[in-house]
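Enquirer: Before anything else, here's the structure in question.
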Amino acid sequence: MEIKKGIGVSPGVTIAKAVVLDAEEYRIAQKTVSVDDIPAELERLRSGFDASLAELHSLQEVMARQLGPDIAAIFDFHYGVLSQDRLFEQIASLITQKNYSAAYAVREVLRGYQRRFLNMKDQLLRERVRDVHDIERRLLRHLCGQSGEELTLLAEPFILVAHDLTPSQVANLSQTKVTGVAMDVGGLTSHAAIVVRSMGIPAVMGLKDVSTRVSKSDTMVLDGTKGLVVIRPDTDMLQEYRVEEERIHALASDLIELRDKPAVTTDNIKITLLTNIEFPYEAKACLEKGAEGIGLYRTEFLYLRSEVEPTEEEHYEAYHAVIQAVGGCPVTIRTLDLGADKYTQSQAREPERNPFLGLRSIRYCLQNLDLFKTQLRAILRASVEGDVRIMFPLISSLMELRQAKIVLGDAMEDLEEMGIPFRRDIPVGIMVETPAAALQIKELLREVDFISIGTNDLIQYTLAVDRSNERVASLYTASHPVILRVLRDIIRAAERAQIAFSMCGEMAGEPMYTLLLLGIGLRQFSMAPSDIPEIKKIIRSASIAHAVRVAKRALSFDTDRQVSNYLRDETRKIWPEFM
Ligand code: PEP
Ligand code: MG
């Protein structure tokens with residue numbers, strides 16, 4: 001048995017046999033052809049291009065229908081490259097001038113491009129090499145026929161293990177029986193991660209050498225929630241995960257029952273459950289999971305769909321789609337949280353030494369006012385269509401909040417001048433996710449309509465632990481007594497100021513903390529849609545009186561371990577199946 005830790009990029013547990021995707025190489029039977037065969041080779045090349053373009057077109061259509069236009073746009077680059085005459089002509093000239101076969105000429109030209117991309121300084125451009133490789137394989141498949149493992153033909157569920165996957169490879173997985181994805185490379189914001197997550201397939205990336213440690217048909221456990229894979233698990237481990245898998249399935253059945261039931265405690269306190277989304281197409285599914293709106297829309301993901309900045313119209317269309325999908329429910333649109341681990345093209349060109357402490361989020365927006373105003377105008381335009389709220393991320397001082405509001409005022413003026421309607425009284429809030437904001441909460445509360453506690457960052461900045469660094473993962477915990485105190489104080493201040501507050505960090509979706517959060521007064525939780533059933537279940541089994549006692553006791557401990565053990569025990573008391 002071997003356990004490998006990576007980055008969990010898509011939650012869930014799966015146990016299945018592995019299918020290892022070797023670097024897919026197409027056998028090119030003929031390097032050169034006779035002069036007489038040149039016209040036929042050119043004909044073959046044309047057909048190869050046409051078939052590839054047609055395939056991309058239908059793939060884009062299917063993707064747009066299943067996952068939304070943002071995801072489908074990932075193939076724009078492939079389509080653009082293949083539809084240019086230049087590439088075709090370059091390949092064709094190798095056929096006519098050097099008598100190369102169509103397949104060999106394709107490989108020569110596209111490998112040349114791949115080498116050039118690999119030598120580029122810009123990391124994002126270097127990553128384009130995968131797309132070029134993908135284009136090469138698509139063309140060669142049409143010229144040489146299928147090769148490698150035909151995944152769609154596999155009748156049994158499988159975990160796909162690969163060094164790397166291109167966006168189109170991941171997208172094609174929706175037509176297979178894949179139940180999990182494990183990759184050597186990749187991280188949370190890679191295109192492949194985004195697509196796989198939106199498809200709801202558990203996945204672990206950044207596993208370094210998993211593709212060389214697994215053999216075809218090895219049994220594997222993949223835990224996308226914890227970010228680990230177990231290769232050839234022993235009987236105990238297998239048993240443990242079978243139980244976990246069953247637990248998840250049982251919960252899924254409960255979900256059907258729970259979906260239409262309100263999130264109320266046993267002493268009749270109504271709790272609002274909202275969801276976090278990254279793409280507009282997710283909005284509809286949120287309501288289906290039993291949420292009552294969108295508590296956090298991470299709009300920076302709009303930037304991942306192409307190399308070019310989204311236009312005001314594209315921003316607007318995304319917001320319009322979300323608002324339509326949730327039909328009157330609240331939608332909290334967070335302004336761009338670019339930087340740190342989510343780069344724009346221009347940021348990627350100037351790497352920072354400490355990106356999480358660098359030009360990130362609201363700081364980036366305040367230094368790129370055109371980009372910021374473009375987004376704000378789009379949000380304002382959409383504000384008349386539903387219950388829209390604006391939320392500024394990573395606020396660390398009053399001045400920053402005031403500056404952001406001034407820019408919002410400018411965007412309002414722009415629209416006014418153009419005679420475009422918008423909601424002047426649109427609620428404006430902030431994420432409380434820096435220790436500075438937490439410590440200056442009283443002053444900040446005087447100038448906002450609502451706050452949302454972003455524990456993901458609040459924990460990382462308060463405890464000085466990088467949230468994405470697996471080497472310090474054990475130090476990153478919401479159970480640290482200081483975190484409990486900070487949360488209690490933020491909530492107390494918001495209650496006193498009578499300003500609406502919620503929590504949208506991952507902690508809000510972790511069952512172990514639900515009692516504590518209810519006990520310190522949290523009544524609005526925003527989380528990944530898949531977390532809703534468990535949290536609703538706990539809420540419906542808990543009483544506020546009990547939660548208050550639990551919170552009081554939890555706050556009396558000195559160490560995170562005591563806090564965690566205690567919260568787990570208390571959660572088990574009201575919900576014995578809780579692991
Ligand atoms: C957070 O920091 O808690 C949060 C919700 O924002 P993000 O995870 O997008 O940084
Ligand atoms: Mg954050």
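Letters A, B, ... go to the chains of the structure tokens in the order shown; residues in each chain start at 1; ligands are counted from 1 in the same order.
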Fewer than 3 positions away in the same chain doesn't count, so skip those; otherwise give me all residues within 8 Å of Trp575 in chain A, counting only C-alpha atoms, as a list in words.
Expert: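 Everything that qualifies: Ile538, Ser541, Thr571, Arg572 and Phe578 of chain A.
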Enquirer: With all heavy atoms kept, could you save the residues just selected as a PDB file, in the first residue's frame?
Expert:
```
ATOM      1  N   ILE A 538     -27.111  18.839  10.399  1.00  0.00           N
ATOM      2  CA  ILE A 538     -26.697  19.206  11.761  1.00  0.00           C
ATOM      3  C   ILE A 538     -27.603  20.309  12.308  1.00  0.00           C
ATOM      4  O   ILE A 538     -28.060  20.237  13.455  1.00  0.00           O
ATOM      5  CB  ILE A 538     -25.223  19.650  11.782  1.00  0.00           C
ATOM      6  CG1 ILE A 538     -24.345  18.468  11.386  1.00  0.00           C
ATOM      7  CG2 ILE A 538     -24.829  20.169  13.166  1.00  0.00           C
ATOM      8  CD1 ILE A 538     -22.897  18.763  11.315  1.00  0.00           C
ATOM      9  N   SER A 541     -30.716  19.101  13.601  1.00  0.00           N
ATOM     10  CA  SER A 541     -30.628  18.251  14.799  1.00  0.00           C
ATOM     11  C   SER A 541     -30.167  19.039  16.015  1.00  0.00           C
ATOM     12  O   SER A 541     -30.038  18.496  17.114  1.00  0.00           O
ATOM     13  CB  SER A 541     -29.623  17.112  14.573  1.00  0.00           C
ATOM     14  OG  SER A 541     -29.674  16.630  13.268  1.00  0.00           O
ATOM     15  N   THR A 571     -20.516  17.000  18.064  1.00  0.00           N
ATOM     16  CA  THR A 571     -21.235  16.809  16.798  1.00  0.00           C
ATOM     17  C   THR A 571     -21.765  15.374  16.719  1.00  0.00           C
ATOM     18  O   THR A 571     -22.893  15.129  16.294  1.00  0.00           O
ATOM     19  CB  THR A 571     -20.307  17.127  15.601  1.00  0.00           C
ATOM     20  OG1 THR A 571     -19.733  18.408  15.822  1.00  0.00           O
ATOM     21  CG2 THR A 571     -21.066  17.143  14.293  1.00  0.00           C
ATOM     22  N   ARG A 572     -20.915  14.443  17.170  1.00  0.00           N
ATOM     23  CA  ARG A 572     -21.346  13.038  17.165  1.00  0.00           C
ATOM     24  C   ARG A 572     -22.563  12.812  18.064  1.00  0.00           C
ATOM     25  O   ARG A 572     -23.395  11.973  17.763  1.00  0.00           O
ATOM     26  CB  ARG A 572     -20.191  12.147  17.617  1.00  0.00           C
ATOM     27  CG  ARG A 572     -19.546  11.451  16.452  1.00  0.00           C
ATOM     28  CD  ARG A 572     -18.528  10.440  16.909  1.00  0.00           C
ATOM     29  NE  ARG A 572     -17.293  10.657  16.185  1.00  0.00           N
ATOM     30  CZ  ARG A 572     -16.147  11.037  16.712  1.00  0.00           C
ATOM     31  NH1 ARG A 572     -16.054  11.234  18.018  1.00  0.00           N
ATOM     32  NH2 ARG A 572     -15.094  11.212  15.968  1.00  0.00           N
ATOM     33  N   PHE A 578     -21.811  10.996  12.228  1.00  0.00           N
ATOM     34  CA  PHE A 578     -20.718  11.908  11.888  1.00  0.00           C
ATOM     35  C   PHE A 578     -19.389  11.202  12.137  1.00  0.00           C
ATOM     36  O   PHE A 578     -19.158  10.649  13.192  1.00  0.00           O
ATOM     37  CB  PHE A 578     -20.823  13.177  12.741  1.00  0.00           C
ATOM     38  CG  PHE A 578     -19.678  14.128  12.548  1.00  0.00           C
ATOM     39  CD1 PHE A 578     -19.493  14.763  11.332  1.00  0.00           C
ATOM     40  CD2 PHE A 578     -18.781  14.380  13.579  1.00  0.00           C
ATOM     41  CE1 PHE A 578     -18.430  15.631  11.152  1.00  0.00           C
ATOM     42  CE2 PHE A 578     -17.721  15.261  13.400  1.00  0.00           C
ATOM     43  CZ  PHE A 578     -17.543  15.882  12.188  1.00  0.00           C
TER      44      PHE A 578
END
```
Enquirer: Identify, counting only C-alpha atoms and all ligand atoms, the protein, DNA and RNA residues located within 12 Å of ligand 2, and give them as a ChimeraX atom specification.
Expert: /A:276,296-298,300,334-342,356,360-362,391-395,430-434,452-461,467,503-506
Enquirer: Could you find all residues in range 268-325 of chain A that DSSP calls strand (DSSP E) from the backbone, and write them as a list in words?
Expert: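 Written out, the strand (DSSP E) residues of range 268-325 of chain A are Thr272, Leu273, Leu274, Thr275, Asn276, Ile277, Ile294, Gly295, Leu296, Tyr297 and Arg298 of chain A.
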Enquirer: Just the residues within 9 Å of Ile271 in chain A, please, counting only C-alpha atoms, with nothing from its chain fewer than 4 positions along; format it as a VMD selection string.
Expert: chain A and resid 262 to 265 518 522 to 525 536 539
Enquirer: Could you write those residues out with N, CA and C atoms, as a PDB file, in the first residue's frame?
Expert:
```pdb
ATOM      1  N   PRO A 262     -36.740  23.114   5.505  1.00  0.00           N
ATOM      2  CA  PRO A 262     -36.008  24.329   5.891  1.00  0.00           C
ATOM      3  C   PRO A 262     -34.832  24.021   6.810  1.00  0.00           C
ATOM      4  N   ALA A 263     -33.845  24.914   6.796  1.00  0.00           N
ATOM      5  CA  ALA A 263     -32.716  24.775   7.713  1.00  0.00           C
ATOM      6  C   ALA A 263     -33.102  25.471   9.016  1.00  0.00           C
ATOM      7  N   VAL A 264     -33.833  24.748   9.874  1.00  0.00           N
ATOM      8  CA  VAL A 264     -34.218  25.322  11.177  1.00  0.00           C
ATOM      9  C   VAL A 264     -33.700  24.439  12.292  1.00  0.00           C
ATOM     10  N   THR A 265     -33.342  25.062  13.389  1.00  0.00           N
ATOM     11  CA  THR A 265     -32.856  24.294  14.534  1.00  0.00           C
ATOM     12  C   THR A 265     -34.065  23.693  15.253  1.00  0.00           C
ATOM     13  N   LEU A 518     -23.028  28.226  15.201  1.00  0.00           N
ATOM     14  CA  LEU A 518     -24.381  28.584  15.649  1.00  0.00           C
ATOM     15  C   LEU A 518     -24.307  29.203  17.046  1.00  0.00           C
ATOM     16  N   LEU A 522     -23.750  32.776  14.424  1.00  0.00           N
ATOM     17  CA  LEU A 522     -23.833  32.802  12.963  1.00  0.00           C
ATOM     18  C   LEU A 522     -25.194  32.256  12.502  1.00  0.00           C
ATOM     19  N   ARG A 523     -25.858  32.988  11.617  1.00  0.00           N
ATOM     20  CA  ARG A 523     -27.164  32.546  11.111  1.00  0.00           C
ATOM     21  C   ARG A 523     -27.189  32.453   9.588  1.00  0.00           C
ATOM     22  N   GLN A 524     -26.114  32.897   8.946  1.00  0.00           N
ATOM     23  CA  GLN A 524     -26.019  32.801   7.480  1.00  0.00           C
ATOM     24  C   GLN A 524     -24.726  32.123   7.114  1.00  0.00           C
ATOM     25  N   PHE A 525     -24.832  30.981   6.429  1.00  0.00           N
ATOM     26  CA  PHE A 525     -23.652  30.211   6.053  1.00  0.00           C
ATOM     27  C   PHE A 525     -23.603  30.141   4.527  1.00  0.00           C
ATOM     28  N   LYS A 536     -27.058  21.162   6.749  1.00  0.00           N
ATOM     29  CA  LYS A 536     -28.493  21.265   7.034  1.00  0.00           C
ATOM     30  C   LYS A 536     -28.912  20.189   8.040  1.00  0.00           C
ATOM     31  N   ILE A 539     -27.869  21.302  11.476  1.00  0.00           N
ATOM     32  CA  ILE A 539     -28.711  22.416  11.935  1.00  0.00           C
ATOM     33  C   ILE A 539     -30.066  21.880  12.402  1.00  0.00           C
TER      34      ILE A 539
END
```
Enquirer: Might you pull out every residue within 9 Å of Ile248 in chain A, with only C-alpha atoms counted and same-chain residues fewer than 5 positions away left off, and present them as a list in words?
Expert: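 Once the nearby chain positions are removed, what remains is Gly12, Val13, Val243 and Ser253 of chain A.
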Enquirer: Any chance you can output those residues with N, CA and C atoms as a PDB file, in the first residue's frame?
Expert:
```
ATOM      1  N   GLY A  12     -14.702  14.540  -2.714  1.00  0.00           N
ATOM      2  CA  GLY A  12     -15.417  13.280  -2.866  1.00  0.00           C
ATOM      3  C   GLY A  12     -14.456  12.113  -2.751  1.00  0.00           C
ATOM      4  N   VAL A  13     -15.033  10.934  -2.551  1.00  0.00           N
ATOM      5  CA  VAL A  13     -14.223   9.732  -2.385  1.00  0.00           C
ATOM      6  C   VAL A  13     -14.620   8.716  -3.433  1.00  0.00           C
ATOM      7  N   VAL A 243     -16.546   2.302   3.883  1.00  0.00           N
ATOM      8  CA  VAL A 243     -17.501   2.875   4.839  1.00  0.00           C
ATOM      9  C   VAL A 243     -17.731   4.350   4.496  1.00  0.00           C
ATOM     10  N   SER A 253     -28.562  10.269  -0.414  1.00  0.00           N
ATOM     11  CA  SER A 253     -29.986   9.909  -0.411  1.00  0.00           C
ATOM     12  C   SER A 253     -30.747  10.815   0.550  1.00  0.00           C
TER      13      SER A 253
END
```
Enquirer: Could you tell me which of A:Phe301, A:Phe88, A:Phe49, A:Tyr241 comes closest to ligand 1 if we count only C-alpha atoms and all ligand atoms?
Expert: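 Among the listed residues, the smallest separation from ligand 1 belongs to A:Phe301.
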Enquirer: Could you check which of A:Ile532, A:Val308, A:Asp569, A:Gly295 is closest to ligand 1, using only C-alpha atoms and all ligand atoms?
Expert: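 So, comparing all the options, the nearest one is A:Gly295.
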Enquirer: Could you tell me which of A:Pro576, A:Pro435, A:Gly409, A:Pro533 comes closest to ligand 1 if we count only C-alpha atoms and all ligand atoms?
Expert: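 The answer is A:Pro435, which sits nearest to ligand 1.
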